[in-house]
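Working notes, beginning with the structure itself.
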Amino acid sequence: MTEKPENTGLYIRNLRMPQISAADFASVKPPYLHFRRQYHEYILYYILSGELFLAEDRKEYHLKENDVLLLEPSKEHRGLEPSVCRFFYIHFSWENLNPHESGHLSGLSETGQEIPFPKYHTMETGQGILRAREITERIAAAFHAPDIHNRWLAACVLQELAVTVSADYAKGIFSREIPVSGKAKQVIPELIAYLNQHYAEQISGELLQERFHYHFDHLNRQFRKWTGQTIFVYLNTIRIARAKQLLETNFYTIAEVARQTGFHDIYYFSRVFKKQTGMTPGQVRRPPG
């Protein structure tokens with residue numbers, strides 16, 4: 001009889017995960033006034049409706065729907081005037097939170113090890129708002145569930161909220177800084193999303209011109225201002241990145257990978273792949289095992 005393998009595993013340590021002490025929804029109305037306090041943890045507010053008047057030390061905030069405010073430890077918080085408001089709040093501590101100057105992205109890590117999180121931000125994108133509201137529901141539900149593992153889940157979902165707010169914040173700054181104006185500010189993000197979703201399909205200038213109601217040459221110039229690349233250079237970058245992932249699985253032939261990433265000429269695929277990666281498709285494939 002085959003002996004069962006020993007059931008061993010790994011411990012997961014939560015030292016670098018957020019440590020949440022409170023998370024819930026609250027509704028207030030006059031004559032309630034937020035009390036004065038000096039707290040030892042971060043407190044994040046997400047305003048769902050109405051308005052809230054708060055101060056942190058000498059800085060005053062008039063918070064409205066879809067505003068996010070992060071109050072810092074050891075600073076005095078107090079209410080300024082009564083109001084009607086519904087909001088989500090969460091108290092937490094988190095190692096290695098590093099300050100940065102709000103309002104620009106220069107000086108931040110470009111390695112993916114850091115993301116900017118604003119002290120104060122109004123959520124701007126519809127997708128970001130919907131996602132943030134859904135995430136707050138999940139945090140509260142997980143935090144109040146009678147199981148220690150759900151506390152860990154709440155900490156994970158708080159990180160998802162941080163990424164969602166950060167992405168919305170960064171998009172807002174970037175859209176204000178780039179030298180693109182008018183309708184192009186709306187069209188180009190839609191075009192970027194389209195290319196990332198439909199990269200495996202046959203995409204031509206005529207197709208993009210018809211879909212986005214822009215003359216292709218003008219669209220291409222605006223796209224380059226936004227991304228630093230032309231549309232088809234950007235498209236090939238997406239395709240080659242995905243092709244590299246597929247080749248590393250060893251599940252597909254080079255011809256199959258080319259077809260799955262929008263290249264219908266394997267020789268052209270190989271030339272573009274080597275130009276972007278410095279390797280041939282065959283050199284990327286991993287040895288078995």
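Naming works like this for the structure tokens: A, B, ... for the chains as they're shown, residue 1 at the start of each chain, ligands 1 onward in shown order.
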Within 10 Å of region 202-205 of chain A, counting only C-alpha atoms, which residues show up once you throw out same-chain ones fewer than 4 positions away? Write them as a PyMOL selection string, please. chain A and resi 195+198+209-211+215-217+219-220+231-232+235+261-264
Between region 152-186 of chain A and region 66-81 of chain A, at 12 Å or less, what are the per-residue closest atom pairs and their distances in Å? Count only C-alpha atoms, order by chain and rising residue number, and return it as CSV.
```
residue,atom,partner,partner_atom,distance
A:Leu161,CA,A:Val68,CA,10.9
A:Ala162,CA,A:Val68,CA,10.6
A:Thr164,CA,A:Val68,CA,11.6
A:Val165,CA,A:Val68,CA,8.2
A:Ser166,CA,A:Val68,CA,10.8
A:Asp168,CA,A:Val68,CA,11.2
A:Tyr169,CA,A:Val68,CA,10.4
```
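Comparing A:Asp24, A:Ala241, A:Ile173, A:Arg16 by their smallest distance to His144 (chain A), the closest is A:Asp24 (using only C-alpha atoms).
Proximity of A:Thr122, A:Arg285, A:Ala23, A:Ala55 to Phe251 (chain A), computed with only C-alpha atoms, is greatest for A:Arg285.
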Counting only C-alpha atoms, the residue among A:Ala154, A:Ala243, A:Ala193, A:Met17 that lies closest to Phe273 (chain A) is A:Ala243
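Our summary of the geometry notes that CA of Thr237 (chain A) is positioned 9.2 Å from CA of Val272 (chain A).
CA of Val284 (chain A) to CA of Thr227 (chain A) spans 27.2 Å [interatomic distance, one decimal].
For the choices A:Glu160, A:Glu65, A:Glu95, A:Glu60, the atom-to-atom distance to Ile129 (chain A) is smallest for A:Glu65 when using only C-alpha atoms.
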With only C-alpha atoms as the atoms that count, which of A:Ile266, A:Ile20, A:Cys156, A:Leu52 lies nearest to Lys64 (chain A)? A:Leu52
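One finds CA of Val157 (chain A) at 15.5 Å from CA of Phe117 (chain A).
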Among region 16-249 of chain A, which ones does DSSP assign to strand (DSSP E or B) (computed from the backbone)? Answer as a PyMOL selection string. chain A and resi 19-28+37-38+42-56+59-64+67-71+76-81+85-93+120-122
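The protein and nucleic acid residues lying at most 10 Å from Tyr214 (chain A) are Lys183, Ala184, Val187, Glu206, Leu208 and Asn220 of chain A, with only C-alpha atoms considered and sequence neighbours fewer than 6 positions away removed.
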Using DSSP on the backbone coordinates, identify all residues within region 49-218 of chain A classified as helix (DSSP H, G or I); present the result as a VMD selection string. chain A and resid 126 to 144 148 to 177 184 to 198 205 to 212 216 to 218
Name the residues in contact with Val257 (chain A) at a cut-off of 9 Å, using only C-alpha atoms, excluding same-chain residues fewer than 2 positions from it; report them as a tab-separated table (two decimals) with N, CA and C atoms, in the first residue's frame.
```tsv
chain	number	residue	atom	x	y	z
A	242	ARG	N	2.83	39.14	-23.35
A	242	ARG	CA	1.96	37.98	-23.19
A	242	ARG	C	2.58	36.75	-23.84
A	243	ALA	N	3.22	36.92	-24.98
A	243	ALA	CA	3.86	35.79	-25.66
A	243	ALA	C	4.95	35.19	-24.78
A	244	LYS	N	5.72	36.04	-24.11
A	244	LYS	CA	6.79	35.55	-23.23
A	244	LYS	C	6.20	34.69	-22.10
A	246	LEU	N	3.40	32.96	-22.21
A	246	LEU	CA	2.93	31.70	-22.79
A	246	LEU	C	4.08	30.77	-23.12
A	247	LEU	N	5.17	31.33	-23.66
A	247	LEU	CA	6.32	30.49	-24.00
A	247	LEU	C	6.93	29.85	-22.76
A	252	TYR	N	2.73	25.47	-25.29
A	252	TYR	CA	2.36	25.83	-26.66
A	252	TYR	C	3.60	25.88	-27.56
A	253	THR	N	3.38	25.60	-28.82
A	253	THR	CA	4.45	25.77	-29.80
A	253	THR	C	4.61	27.26	-30.08
A	254	ILE	N	5.73	27.61	-30.70
A	254	ILE	CA	5.98	29.01	-31.04
A	254	ILE	C	4.90	29.52	-31.99
A	255	ALA	N	4.47	28.70	-32.92
A	255	ALA	CA	3.43	29.10	-33.87
A	255	ALA	C	2.11	29.35	-33.15
A	259	ARG	N	-0.01	32.97	-32.85
A	259	ARG	CA	-1.42	33.14	-33.19
A	259	ARG	C	-2.22	33.68	-32.00
A	260	GLN	N	-1.93	33.20	-30.81
A	260	GLN	CA	-2.68	33.62	-29.62
A	260	GLN	C	-2.39	35.06	-29.21
A	261	THR	N	-1.34	35.62	-29.74
A	261	THR	CA	-0.99	36.99	-29.37
A	261	THR	C	-1.09	37.96	-30.53
A	262	GLY	N	-1.82	37.55	-31.58
A	262	GLY	CA	-2.14	38.49	-32.65
A	262	GLY	C	-1.16	38.52	-33.81
A	263	PHE	N	-0.16	37.63	-33.81
A	263	PHE	CA	0.80	37.58	-34.92
A	263	PHE	C	0.43	36.39	-35.82
```
Which residue out of A:Ile240, A:Ala200, A:Ala132, A:Leu97 has the minimum interatomic distance to Ala167 (chain A) when only C-alpha atoms are used?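 Of the candidates, the smallest distance to Ala167 (chain A) is held by A:Ala132.
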